>>> print(open('input_16.csv').read())   # CSV, C-alpha atoms
chain,number,residue,atom,x,y,z
A,118,MET,CA,0.0,0.0,0.0
A,119,GLN,CA,1.1,3.6,-0.7
A,120,PRO,CA,2.9,4.7,2.5
A,121,ALA,CA,0.9,7.9,2.9
A,122,ARG,CA,-2.4,6.0,2.5
A,123,PHE,CA,-1.2,3.5,5.0
A,124,LYS,CA,-0.5,6.2,7.5
A,125,ILE,CA,-3.9,7.9,7.0
A,126,LEU,CA,-5.7,4.6,7.3
A,127,ARG,CA,-3.9,3.6,10.4
A,128,HIS,CA,-4.7,7.0,11.9
A,129,LEU,CA,-8.4,6.7,11.0
A,130,ARG,CA,-8.5,3.3,12.6
A,131,GLN,CA,-6.9,4.5,15.8
A,132,SER,CA,-9.2,7.6,16.1
A,133,HIS,CA,-12.6,6.6,17.3
A,134,GLU,CA,-14.4,9.7,15.9
A,135,PRO,CA,-14.8,10.8,12.3
A,136,GLN,CA,-11.9,13.1,11.3
A,137,PHE,CA,-11.8,16.0,9.0
A,138,VAL,CA,-9.1,16.6,6.4
A,139,GLU,CA,-7.1,19.2,8.4
A,140,GLN,CA,-7.2,17.0,11.5
A,141,ILE,CA,-5.8,14.1,9.6
A,142,ALA,CA,-3.2,16.3,7.8
A,143,LYS,CA,-1.9,17.5,11.2
A,144,ALA,CA,-1.8,14.1,12.7
A,145,VAL,CA,0.0,12.3,9.9
A,146,GLU,CA,2.0,15.4,8.8
A,147,ILE,CA,0.9,15.3,5.2
A,148,HIS,CA,-0.3,18.2,3.1
A,149,PRO,CA,-4.2,18.6,3.3
A,150,ARG,CA,-4.5,18.5,-0.5
A,151,LEU,CA,-2.6,15.2,-0.5
A,152,VAL,CA,-4.8,13.9,2.3
A,153,SER,CA,-7.8,14.7,0.3
A,154,HIS,CA,-6.4,12.9,-2.7
A,155,HIS,CA,-5.6,9.8,-0.6
A,156,LEU,CA,-9.1,9.9,1.0
A,157,ASP,CA,-10.6,9.8,-2.5
A,158,VAL,CA,-8.6,6.8,-3.4
A,159,LEU,CA,-9.3,5.0,-0.1
A,160,GLN,CA,-13.0,5.8,-0.5
A,161,SER,CA,-13.0,4.3,-4.0
A,162,GLN,CA,-11.4,1.2,-2.6
A,163,GLY,CA,-14.1,1.0,0.1
A,164,LEU,CA,-11.6,1.4,2.9
A,165,VAL,CA,-12.9,4.8,4.1
A,166,GLU,CA,-16.3,6.3,4.3
A,167,SER,CA,-16.8,10.1,4.0
A,168,ARG,CA,-19.7,12.4,4.5
A,169,TYR,CA,-19.9,16.2,4.5
A,170,GLU,CA,-21.0,18.1,7.6
A,171,LEU,CA,-21.6,21.7,8.3
A,172,MET,CA,-19.2,23.2,10.8
A,173,LYS,CA,-18.8,26.7,12.2
A,174,ALA,CA,-15.7,28.3,10.9
A,175,GLU,CA,-13.4,30.0,13.5
A,176,GLY,CA,-14.0,33.8,13.6
A,177,SER,CA,-16.9,33.6,11.2
A,178,LYS,CA,-20.7,33.3,11.5
A,179,ARG,CA,-20.9,31.2,8.4
A,180,SER,CA,-20.8,27.4,8.4
A,181,VAL,CA,-18.6,25.5,6.0
A,182,ALA,CA,-19.0,22.0,4.7
A,183,VAL,CA,-16.2,19.7,5.9
A,184,ARG,CA,-15.4,16.2,4.8
A,185,MET,CA,-15.6,13.8,7.8
A,186,SER,CA,-13.9,10.4,7.2
A,187,VAL,CA,-13.9,7.2,9.1
A,188,ALA,CA,-12.2,3.8,8.4
A,189,THR,CA,-14.6,1.0,7.4
A,190,PRO,CA,-14.5,-2.6,8.7
A,191,LYS,CA,-12.8,-3.6,5.4
A,192,ALA,CA,-9.9,-1.2,6.4
A,193,GLU,CA,-9.4,-3.1,9.7
A,194,LYS,CA,-9.0,-6.4,7.7
A,195,VAL,CA,-6.6,-4.8,5.2
A,196,LEU,CA,-4.4,-3.3,8.0
A,197,GLN,CA,-4.4,-6.7,9.8
A,198,ASP,CA,-3.3,-8.4,6.6
A,199,ILE,CA,-0.5,-5.8,6.1
A,200,ALA,CA,0.6,-6.3,9.8
A,201,LYS,CA,0.7,-10.1,9.2
A,202,SER,CA,2.7,-9.8,6.0
A,203,VAL,CA,5.2,-7.5,7.7
A,204,LYS,CA,5.7,-10.1,10.5
B,1399,MET,CA,9.4,7.3,-16.3
B,1400,ARG,CA,12.0,4.8,-17.0
B,1401,ASN,CA,14.6,4.4,-14.4
B,1402,PHE,CA,17.8,2.4,-14.6
B,1403,GLY,CA,20.0,4.3,-12.2
B,1404,ARG,CA,20.9,1.3,-9.9
B,1405,SER,CA,22.8,-1.4,-11.7
B,1406,VAL,CA,25.9,-3.5,-11.8
B,1407,TYR,CA,27.6,-0.6,-13.6
B,1408,GLY,CA,28.0,1.3,-10.3
B,1409,THR,CA,25.9,4.1,-9.0
B,1410,PHE,CA,25.0,7.2,-11.1
B,1411,ARG,CA,27.1,9.4,-8.8
B,1412,ARG,CA,30.2,7.2,-9.2
B,1413,ARG,CA,29.7,7.3,-13.0
B,1414,ARG,CA,29.5,11.1,-12.9
B,1415,TRP,CA,32.7,11.3,-10.8
B,1416,LEU,CA,34.5,9.2,-13.4
B,1417,LEU,CA,33.4,11.6,-16.1
B,1418,VAL,CA,34.6,14.6,-14.1
B,1419,GLY,CA,37.9,12.9,-13.5
B,1420,LEU,CA,38.3,12.2,-17.2
B,1421,LEU,CA,37.5,15.8,-18.1
B,1422,ILE,CA,40.2,17.1,-15.6
B,1423,LEU,CA,42.7,14.5,-16.9
B,1424,CYS,CA,42.1,15.7,-20.5
B,1425,ALA,CA,42.0,19.4,-19.8
B,1426,VAL,CA,44.7,20.1,-17.2
B,1427,PRO,CA,47.7,17.8,-18.1
B,1428,GLY,CA,46.3,17.6,-21.6
B,1429,SER,CA,46.8,21.3,-22.3
B,1430,LEU,CA,50.4,21.0,-21.1
B,1431,LEU,CA,51.1,18.0,-23.4
B,1432,LEU,CA,53.3,20.0,-25.9
B,1433,TRP,CA,55.6,21.0,-23.1
B,1434,MET,CA,55.9,17.6,-21.5
B,1435,PRO,CA,59.1,15.5,-21.7
B,1436,VAL,CA,58.6,12.4,-23.9
B,1437,GLY,CA,58.7,10.0,-20.9
B,1438,ILE,CA,56.0,11.8,-19.0
B,1439,ARG,CA,54.0,12.2,-22.2
B,1440,LEU,CA,54.0,8.4,-22.6
B,1441,ILE,CA,53.0,7.8,-19.0
B,1442,TYR,CA,50.2,10.3,-19.4
B,1443,GLY,CA,49.1,8.6,-22.6
B,1444,TYR,CA,48.8,5.2,-20.9
B,1445,VAL,CA,47.0,6.6,-17.9
B,1446,LEU,CA,44.6,8.4,-20.2
B,1447,ILE,CA,43.9,5.2,-22.2
B,1448,VAL,CA,43.1,3.2,-19.1
B,1449,PHE,CA,41.0,5.9,-17.5
B,1450,THR,CA,39.0,6.5,-20.8
B,1451,ALA,CA,38.3,2.8,-21.2
B,1452,LEU,CA,37.2,2.5,-17.6
B,1453,THR,CA,35.0,5.6,-17.7
B,1454,PHE,CA,33.3,4.8,-21.0
B,1455,THR,CA,32.7,1.2,-20.1
B,1456,PHE,CA,30.8,2.2,-17.0
B,1457,THR,CA,29.1,5.1,-18.6
B,1458,LEU,CA,28.0,3.5,-21.8
B,1459,LEU,CA,26.7,0.2,-20.3
B,1460,PRO,CA,23.6,1.7,-18.7
B,1461,PHE,CA,22.5,2.9,-22.1
B,1462,VAL,CA,22.6,-0.7,-23.4
B,1463,ASN,CA,19.5,-1.1,-21.1
B,1464,ILE,CA,17.7,0.9,-23.8
B,1465,VAL,CA,17.7,-2.5,-25.7
B,1466,THR,CA,14.9,-3.5,-23.2
B,1467,LEU,CA,12.7,-1.1,-25.1
B,1468,LEU,CA,13.0,-3.1,-28.3
B,1469,PRO,CA,10.6,-5.9,-27.4
B,1470,ALA,CA,7.9,-3.3,-26.7
B,1471,VAL,CA,8.6,-1.5,-30.0
B,1472,LEU,CA,8.6,-4.8,-32.0
B,1473,LEU,CA,5.3,-5.9,-30.3
B,1474,ASP,CA,3.8,-2.6,-31.4
B,1475,ARG,CA,4.8,-3.2,-35.0
B,1476,ARG,CA,3.4,-6.7,-35.0
B,1477,GLY,CA,0.2,-5.6,-33.4
B,1478,ASP,CA,0.5,-7.9,-30.4
B,1479,HIS,CA,-0.7,-5.4,-27.9
B,1480,GLU,CA,-3.7,-4.3,-26.0
B,1481,LYS,CA,-4.9,-0.7,-26.2
B,1482,TYR,CA,-5.8,1.2,-23.0
B,1483,GLU,CA,-8.3,3.8,-23.8
B,1484,PRO,CA,-9.5,5.8,-20.8
B,1485,THR,CA,-12.3,8.1,-21.8
B,1486,GLU,CA,-10.5,11.1,-20.3
B,1487,LEU,CA,-7.4,10.8,-22.4
B,1488,GLY,CA,-8.7,12.8,-25.4
B,1489,ASN,CA,-9.8,15.6,-23.1
B,1490,LEU,CA,-6.6,15.5,-21.2
B,1491,ALA,CA,-4.6,15.8,-24.4
B,1492,ARG,CA,-6.7,18.7,-25.6
B,1493,THR,CA,-6.3,20.5,-22.2
B,1494,MET,CA,-2.5,20.0,-22.4
B,1495,GLY,CA,-2.4,21.4,-25.9
B,1496,VAL,CA,-1.5,18.1,-27.6
B,1497,LYS,CA,-3.3,18.1,-30.9
B,1498,ARG,CA,-3.3,14.4,-31.6
B,1499,ALA,CA,-3.8,12.2,-28.5
B,1500,PRO,CA,-1.3,9.3,-28.6
B,1501,ARG,CA,-2.4,5.7,-28.4
B,1502,VAL,CA,-1.8,4.0,-25.0
B,1503,LEU,CA,-0.6,0.4,-25.3
B,1504,LEU,CA,-0.2,-2.0,-22.4
B,1505,ILE,CA,3.1,-3.8,-22.1
B,1506,THR,CA,3.9,-6.8,-20.0
B,1507,ASN,CA,7.7,-6.4,-19.6
B,1508,PRO,CA,8.1,-5.7,-15.9
B,1509,ARG,CA,11.5,-4.1,-16.4
B,1510,ILE,CA,10.1,-1.2,-18.4
B,1511,GLY,CA,8.3,1.7,-16.8
B,1512,PRO,CA,5.8,4.0,-18.8
B,1513,PHE,CA,7.5,5.7,-21.7
B,1514,THR,CA,6.5,7.7,-24.8
B,1515,ASN,CA,7.5,6.9,-28.3
B,1516,GLY,CA,7.4,10.1,-30.2
B,1517,VAL,CA,7.9,8.5,-33.6
B,1518,THR,CA,4.9,6.2,-33.5
B,1519,ASN,CA,2.9,8.6,-31.2
B,1520,THR,CA,2.3,6.0,-28.6
B,1521,ILE,CA,2.6,5.7,-24.8
B,1522,ARG,CA,3.6,2.4,-23.3
B,1523,LEU,CA,2.1,1.6,-19.9
B,1524,PRO,CA,3.0,-1.5,-17.9
B,1525,ARG,CA,0.1,-3.7,-17.2
B,1526,THR,CA,1.3,-4.1,-13.6
B,1527,TRP,CA,0.8,-0.4,-13.0
B,1528,LEU,CA,-2.9,-0.7,-13.7
B,1529,ALA,CA,-3.2,-3.0,-10.7
B,1530,LYS,CA,-0.7,-1.1,-8.6
B,1531,PHE,CA,-2.1,2.5,-9.0
B,1532,PRO,CA,-5.6,3.9,-8.8
B,1533,HIS,CA,-7.1,5.4,-11.9
B,1534,THR,CA,-6.5,9.1,-11.0
B,1535,GLU,CA,-2.8,8.3,-10.5
B,1536,ILE,CA,-2.6,6.4,-13.8
B,1537,MET,CA,-4.1,9.6,-15.5
B,1538,SER,CA,-1.4,11.7,-13.8
B,1539,THR,CA,1.2,9.3,-15.2
B,1540,LEU,CA,-0.3,9.6,-18.7
B,1541,GLY,CA,-0.3,13.4,-18.1
B,1542,HIS,CA,3.4,13.2,-17.5
B,1543,GLU,CA,3.9,11.3,-20.7
B,1544,LEU,CA,1.7,13.7,-22.6
B,1545,GLY,CA,3.9,16.4,-21.1
B,1546,HIS,CA,6.9,14.8,-22.9
B,1547,VAL,CA,4.9,15.0,-26.2
B,1548,ARG,CA,4.0,18.6,-25.6
B,1549,ALA,CA,7.5,19.8,-24.5
B,1550,ARG,CA,9.3,17.8,-27.2
B,1551,LYS,CA,10.5,20.9,-29.0
B,1552,TRP,CA,12.1,22.3,-25.8
B,1553,PHE,CA,13.9,19.1,-25.2
B,1554,TRP,CA,15.5,19.3,-28.7
B,1555,LEU,CA,16.3,23.0,-28.2
B,1556,ASP,CA,18.1,22.1,-24.9
B,1557,MET,CA,20.0,19.4,-26.7
B,1558,ALA,CA,21.1,21.8,-29.4
B,1559,GLY,CA,22.3,24.2,-26.7
B,1560,VAL,CA,24.3,21.4,-25.1
B,1561,PHE,CA,25.9,20.4,-28.3
B,1562,GLY,CA,26.8,24.0,-29.0
B,1563,PHE,CA,28.3,24.5,-25.6
B,1564,VAL,CA,30.3,21.3,-25.8
B,1565,PHE,CA,31.7,22.3,-29.2
B,1566,ALA,CA,32.6,25.8,-27.9
B,1567,ALA,CA,34.2,24.4,-24.8
B,1568,THR,CA,36.3,22.0,-26.8
B,1569,VAL,CA,37.7,24.5,-29.3
B,1570,PRO,CA,40.5,26.0,-27.0
B,1571,LEU,CA,41.7,22.5,-26.2
B,1572,VAL,CA,42.0,21.7,-29.9
B,1573,PHE,CA,44.8,24.3,-30.2
B,1574,LEU,CA,46.5,23.2,-27.0
B,1575,THR,CA,46.7,19.4,-27.2
B,1576,ALA,CA,46.4,16.3,-29.4
B,1577,PRO,CA,43.1,16.1,-31.4
B,1578,ILE,CA,42.3,12.7,-29.8
B,1579,ILE,CA,42.4,14.2,-26.3
B,1580,ALA,CA,40.1,17.1,-27.4
B,1581,GLN,CA,37.7,14.5,-28.8
B,1582,ILE,CA,37.7,12.4,-25.5
B,1583,PHE,CA,37.1,15.7,-23.6
B,1584,GLU,CA,34.2,16.5,-26.0
B,1585,VAL,CA,32.5,13.1,-25.6
B,1586,ALA,CA,33.0,13.1,-21.8
B,1587,LEU,CA,31.5,16.6,-21.5
B,1588,LEU,CA,28.6,15.5,-23.6
B,1589,PHE,CA,27.9,12.5,-21.4
B,1590,LEU,CA,28.1,14.7,-18.3
B,1591,LEU,CA,25.6,17.3,-19.7
B,1592,ILE,CA,23.1,15.1,-21.5
B,1593,PRO,CA,21.6,13.8,-18.2
B,1594,LYS,CA,21.0,17.4,-17.1
B,1595,VAL,CA,18.9,17.9,-20.3
B,1596,SER,CA,17.0,14.7,-19.7
B,1597,TRP,CA,16.4,15.7,-16.0
B,1598,ARG,CA,15.1,19.1,-17.1
B,1599,ASN,CA,12.8,17.3,-19.6
B,1600,GLU,CA,11.4,15.1,-16.8
B,1601,TYR,CA,10.8,18.1,-14.5
B,1602,ARG,CA,9.1,19.8,-17.3
B,1603,ALA,CA,6.8,16.8,-18.0
B,1604,ASP,CA,6.0,16.6,-14.3
B,1605,LEU,CA,5.0,20.3,-14.3
B,1606,GLU,CA,2.8,19.9,-17.4
B,1607,SER,CA,1.0,17.0,-15.7
B,1608,ALA,CA,0.6,18.9,-12.5
B,1609,LYS,CA,-0.8,22.0,-14.4
B,1610,ALA,CA,-3.4,19.8,-16.0
B,1611,LEU,CA,-4.4,17.5,-13.2
B,1612,GLY,CA,-2.8,18.8,-10.0
B,1613,PRO,CA,0.4,17.5,-8.5
B,1614,GLU,CA,-1.3,15.1,-6.0
B,1615,GLY,CA,-1.4,12.1,-8.3
B,1616,LEU,CA,2.2,12.2,-9.4
B,1617,ILE,CA,3.4,12.9,-5.9
B,1618,SER,CA,1.6,9.8,-4.7
B,1619,VAL,CA,3.0,7.7,-7.6
B,1620,PHE,CA,6.6,8.9,-6.9
B,1621,GLU,CA,6.2,8.3,-3.1
B,1622,GLN,CA,5.2,4.7,-3.8
B,1623,LEU,CA,8.0,4.2,-6.3
B,1624,GLU,CA,10.4,5.7,-3.8
B,1625,ALA,CA,9.2,3.3,-1.1
B,1626,GLU,CA,9.7,0.4,-3.4
B,1627,SER,CA,13.2,1.4,-4.5
B,1628,GLU,CA,16.3,0.6,-2.4
B,1629,MET,CA,18.3,3.7,-3.4
B,1630,ASP,CA,17.2,7.0,-5.0
B,1631,GLU,CA,20.0,9.0,-6.5
B,1632,GLY,CA,18.7,9.5,-10.1
B,1633,SER,CA,20.0,8.1,-13.3
B,1634,GLU,CA,21.3,9.2,-16.7
B,1635,THR,CA,17.7,9.7,-17.8
B,1636,HIS,CA,15.7,10.5,-14.6
B,1637,PRO,CA,16.2,12.8,-11.6
B,1638,PRO,CA,15.9,11.4,-8.0
B,1639,LEU,CA,12.3,10.8,-7.0
B,1640,ARG,CA,12.7,12.8,-3.9
B,1641,ALA,CA,13.8,15.9,-5.9
B,1642,ARG,CA,10.8,15.4,-8.2
B,1643,ILE,CA,8.4,15.1,-5.2
B,1644,ASN,CA,9.9,18.2,-3.6
B,1645,ARG,CA,9.4,20.2,-6.7
B,1646,LEU,CA,5.8,19.1,-7.0
B,1647,MET,CA,5.2,19.7,-3.3
B,1648,LYS,CA,5.9,23.4,-3.9
B,1649,LEU,CA,2.9,23.5,-6.2
B,1650,LEU,CA,0.6,22.4,-3.4
B,1651,GLY,CA,1.0,25.7,-1.6
B,1652,PRO,CA,1.7,26.3,2.1
B,1653,HIS,CA,0.9,23.6,4.6
>>> encode(input="input_16.csv", output="structure tokens")
Amino acid sequence: MQPARFKILRHLRQSHEPQFVEQIAKAVEIHPRLVSHHLDVLQSQGLVESRYELMKAEGSKRSVAVRMSVATPKAEKVLQDIAKSVK
Amino acid sequence: MRNFGRSVYGTFRRRRWLLVGLLILCAVPGSLLLWMPVGIRLIYGYVLIVFTALTFTFTLLPFVNIVTLLPAVLLDRRGDHEKYEPTELGNLARTMGVKRAPRVLLITNPRIGPFTNGVTNTIRLPRTWLAKFPHTEIMSTLGHELGHVRARKWFWLDMAGVFGFVFAATVPLVFLTAPIIAQIFEVALLFLLIPKVSWRNEYRADLESAKALGPEGLISVFEQLEAESEMDEGSETHPPLRARINRLMKLLGPH
């Protein structure tokens, strides 16, 4: 698996709540645009589920739509398989 | 995206140092050749012969790898190939300013990476890449290859510049030393500079792809290739993957 996608998937599995792109980017130290790209790929492979939620932006009255992502059960299995193959 | 930097012929960096050594050997003692005593001149001649043989053996052998392209080219002529026709290719070619979209042919040779054949207007894509990379990243790779098609004229302009520079740099040596030494200097300088043109060509193709599709796809492909490779120091034809990633990262904007 692509190293950055592996990092993102592992982070999503470890975090119990859905994460938005900036949160993931900070945690895995990858540029948010790259995180977004990797989330698209992971979603197309069925390893991540994403939905858009309205959130209040800091210092603004407006709400913005943010992408909240969470790892699917399939991701758990893939990560376990990778861990086994590494061992 | 071919890469044959690591091989039995030594590392790319070592091959370059050999060329630099040969250039110095030709230029510095070579320009004093007419003033050398006969004995020293003989010793210098023997050293130069050995060093030239050594340098060109190690420098030329990686180019023999180009022979690996032949099966793919022959398959193309026989028609034993499978076309890969993503629906977005025509639009991508138009966006990038390529008038006639090249055909994309799938190849099975695992030693060959994607490459463009300008003569037959075809892009060869390894079948294994389709399984390894998602569709968006395959499109970025095709964007890179289309970038080569688009920037072909700049490549030949750079090559013309290098040939002109090498010729100009050799002229003074022609008057100072034996013609054969000037010729060795000329060829060595050419071998030293051609990779730079090729690297520029690769950076340019990366940029063209990033302008059309964004840099994310290519960065992801390069990161995966980097993770798979044991050493990344570039080759005669391709710059190091890390350098390419860093250039593309700048296009992403501040973190």
>>> atom_distance(input="input_16.csv", atom1="atom CA of B:Ala1425", atom2="atom CA of B:Thr1568")
9.4 Å
>>> closest_atom_pairs(input="input_16.csv", of="chain A", to="chain B", cutoff="7 Å", atoms="only C-alpha atoms", output="CSV")
residue,atom,partner,partner_atom,distance
A:Gln119,CA,B:Gln1622,CA,5.3
A:Pro120,CA,B:Gln1622,CA,6.7
A:His148,CA,B:His1653,CA,5.7
A:Leu151,CA,B:Glu1614,CA,5.7
A:His154,CA,B:Glu1614,CA,6.5
A:Val158,CA,B:Pro1532,CA,6.8
>>> closest_residue(input="input_16.csv", among="B:Leu1544, B:Ala1549, B:Leu1503, B:Glu1584", to="B:Ala1566", atoms="all atoms listed in the file")
B:Glu1584
>>> residues_around(input="input_16.csv", residues="A:Ala142", least_positions_apart="6", cutoff="12 Å", atoms="only C-alpha atoms", output="VMD selection string")
(chain A and resid 121 to 122 124 to 126 128 to 129 136 148 to 156) or (chain B and resid 1653)
>>> atom_distance(input="input_16.csv", atom1="atom CA of B:Thr1453", atom2="atom CA of B:Gly1562")
23.1 Å
>>> residues_near_point(input="input_16.csv", point="(38.9, 25.5, -26.7)", cutoff="12 Å", atoms="only C-alpha atoms", output="JSON, numbers by chain")
{"B": [1425, 1428, 1429, 1563, 1564, 1565, 1566, 1567, 1568, 1569, 1570, 1571, 1572, 1573, 1574, 1575, 1577, 1579, 1580, 1581, 1583, 1584]}
>>> write_last_selection(input="input_16.csv", atoms="C-alpha atoms", output="compact mmCIF listing (two decimals), in the coordinates of the input")
# COMPACT_ATOMS: atom_id res chain seq x y z
CA ALA B 1425 42.00 19.40 -19.80
CA GLY B 1428 46.30 17.60 -21.60
CA SER B 1429 46.80 21.30 -22.30
CA PHE B 1563 28.30 24.50 -25.60
CA VAL B 1564 30.30 21.30 -25.80
CA PHE B 1565 31.70 22.30 -29.20
CA ALA B 1566 32.60 25.80 -27.90
CA ALA B 1567 34.20 24.40 -24.80
CA THR B 1568 36.30 22.00 -26.80
CA VAL B 1569 37.70 24.50 -29.30
CA PRO B 1570 40.50 26.00 -27.00
CA LEU B 1571 41.70 22.50 -26.20
CA VAL B 1572 42.00 21.70 -29.90
CA PHE B 1573 44.80 24.30 -30.20
CA LEU B 1574 46.50 23.20 -27.00
CA THR B 1575 46.70 19.40 -27.20
CA PRO B 1577 43.10 16.10 -31.40
CA ILE B 1579 42.40 14.20 -26.30
CA ALA B 1580 40.10 17.10 -27.40
CA GLN B 1581 37.70 14.50 -28.80
CA PHE B 1583 37.10 15.70 -23.60
CA GLU B 1584 34.20 16.50 -26.00
>>> residues_around(input="input_16.csv", residues="stretch 180-189 of chain A", least_positions_apart="2", cutoff="8 Å", atoms="all atoms listed in the file", output="list of chain:residue names")
A:Leu126, A:Leu129, A:Arg130, A:Glu134, A:Pro135, A:Gln136, A:Phe137, A:Val138, A:Leu156, A:Gly163, A:Leu164, A:Val165, A:Glu166, A:Ser167, A:Arg168, A:Tyr169, A:Glu170, A:Leu171, A:Met172, A:Lys173, A:Ala174, A:Ser177, A:Lys178, A:Lys191, A:Ala192, A:Glu193
>>> axis_aligned_box(input="input_16.csv", around="stretch 137-155 of chain A", padding_each_side="3 Å", output="lines of an AutoDock Vina configuration file")
center_x = -4.9
center_y = 14.5
center_z = 5.0
size_x = 19.8
size_y = 15.4
size_z = 21.4
>>> closest_residue(input="input_16.csv", among="B:Asn1519, B:Phe1410, B:Ala1576, B:Ala1603", to="B:Pro1427", atoms="only C-alpha atoms")
B:Ala1576
>>> atom_distance(input="input_16.csv", atom1="atom CA of B:Val1502", atom2="atom CA of B:Thr1520")
5.8 Å
>>> residues_near_point(input="input_16.csv", point="(46.2, 7.4, -21.5)", cutoff="12 Å", atoms="only C-alpha atoms", output="ChimeraX atom specification")
/B:1420,1423-1424,1427-1428,1431,1438-1453,1576,1578-1579,1582
>>> write_last_selection(input="input_16.csv", atoms="C-alpha atoms", output="short mmCIF file (atom, residue, chain, number, x, y, z; two decimals), keeping the file's coordinate frame")
data_model
loop_
_atom_site.label_atom_id
_atom_site.label_comp_id
_atom_site.auth_asym_id
_atom_site.auth_seq_id
_atom_site.Cartn_x
_atom_site.Cartn_y
_atom_site.Cartn_z
CA LEU B 1420 38.30 12.20 -17.20
CA LEU B 1423 42.70 14.50 -16.90
CA CYS B 1424 42.10 15.70 -20.50
CA PRO B 1427 47.70 17.80 -18.10
CA GLY B 1428 46.30 17.60 -21.60
CA LEU B 1431 51.10 18.00 -23.40
CA ILE B 1438 56.00 11.80 -19.00
CA ARG B 1439 54.00 12.20 -22.20
CA LEU B 1440 54.00 8.40 -22.60
CA ILE B 1441 53.00 7.80 -19.00
CA TYR B 1442 50.20 10.30 -19.40
CA GLY B 1443 49.10 8.60 -22.60
CA TYR B 1444 48.80 5.20 -20.90
CA VAL B 1445 47.00 6.60 -17.90
CA LEU B 1446 44.60 8.40 -20.20
CA ILE B 1447 43.90 5.20 -22.20
CA VAL B 1448 43.10 3.20 -19.10
CA PHE B 1449 41.00 5.90 -17.50
CA THR B 1450 39.00 6.50 -20.80
CA ALA B 1451 38.30 2.80 -21.20
CA LEU B 1452 37.20 2.50 -17.60
CA THR B 1453 35.00 5.60 -17.70
CA ALA B 1576 46.40 16.30 -29.40
CA ILE B 1578 42.30 12.70 -29.80
CA ILE B 1579 42.40 14.20 -26.30
CA ILE B 1582 37.70 12.40 -25.50
#
>>> decode(input="input_16.csv", residues="stretch 128-155 of chain A", atoms="C-alpha atoms", output="PDB file, in the first residue's frame")
ATOM      1  CA  HIS A 128      -4.672   7.049  11.920  1.00  0.00           C
ATOM      2  CA  LEU A 129      -8.364   6.747  11.038  1.00  0.00           C
ATOM      3  CA  ARG A 130      -8.550   3.301  12.615  1.00  0.00           C
ATOM      4  CA  GLN A 131      -6.905   4.543  15.814  1.00  0.00           C
ATOM      5  CA  SER A 132      -9.158   7.572  16.128  1.00  0.00           C
ATOM      6  CA  HIS A 133     -12.615   6.639  17.331  1.00  0.00           C
ATOM      7  CA  GLU A 134     -14.416   9.657  15.908  1.00  0.00           C
ATOM      8  CA  PRO A 135     -14.758  10.760  12.267  1.00  0.00           C
ATOM      9  CA  GLN A 136     -11.895  13.070  11.332  1.00  0.00           C
ATOM     10  CA  PHE A 137     -11.833  16.013   8.965  1.00  0.00           C
ATOM     11  CA  VAL A 138      -9.063  16.590   6.444  1.00  0.00           C
ATOM     12  CA  GLU A 139      -7.133  19.225   8.430  1.00  0.00           C
ATOM     13  CA  GLN A 140      -7.164  17.011  11.528  1.00  0.00           C
ATOM     14  CA  ILE A 141      -5.794  14.052   9.578  1.00  0.00           C
ATOM     15  CA  ALA A 142      -3.219  16.266   7.837  1.00  0.00           C
ATOM     16  CA  LYS A 143      -1.904  17.520  11.194  1.00  0.00           C
ATOM     17  CA  ALA A 144      -1.816  14.068  12.734  1.00  0.00           C
ATOM     18  CA  VAL A 145       0.016  12.331   9.881  1.00  0.00           C
ATOM     19  CA  GLU A 146       2.028  15.393   8.764  1.00  0.00           C
ATOM     20  CA  ILE A 147       0.901  15.266   5.157  1.00  0.00           C
ATOM     21  CA  HIS A 148      -0.327  18.238   3.119  1.00  0.00           C
ATOM     22  CA  PRO A 149      -4.163  18.568   3.323  1.00  0.00           C
ATOM     23  CA  ARG A 150      -4.468  18.465  -0.486  1.00  0.00           C
ATOM     24  CA  LEU A 151      -2.609  15.158  -0.522  1.00  0.00           C
ATOM     25  CA  VAL A 152      -4.758  13.852   2.338  1.00  0.00           C
ATOM     26  CA  SER A 153      -7.832  14.733   0.314  1.00  0.00           C
ATOM     27  CA  HIS A 154      -6.435  12.876  -2.704  1.00  0.00           C
ATOM     28  CA  HIS A 155      -5.613   9.810  -0.627  1.00  0.00           C
TER      29      HIS A 155
END
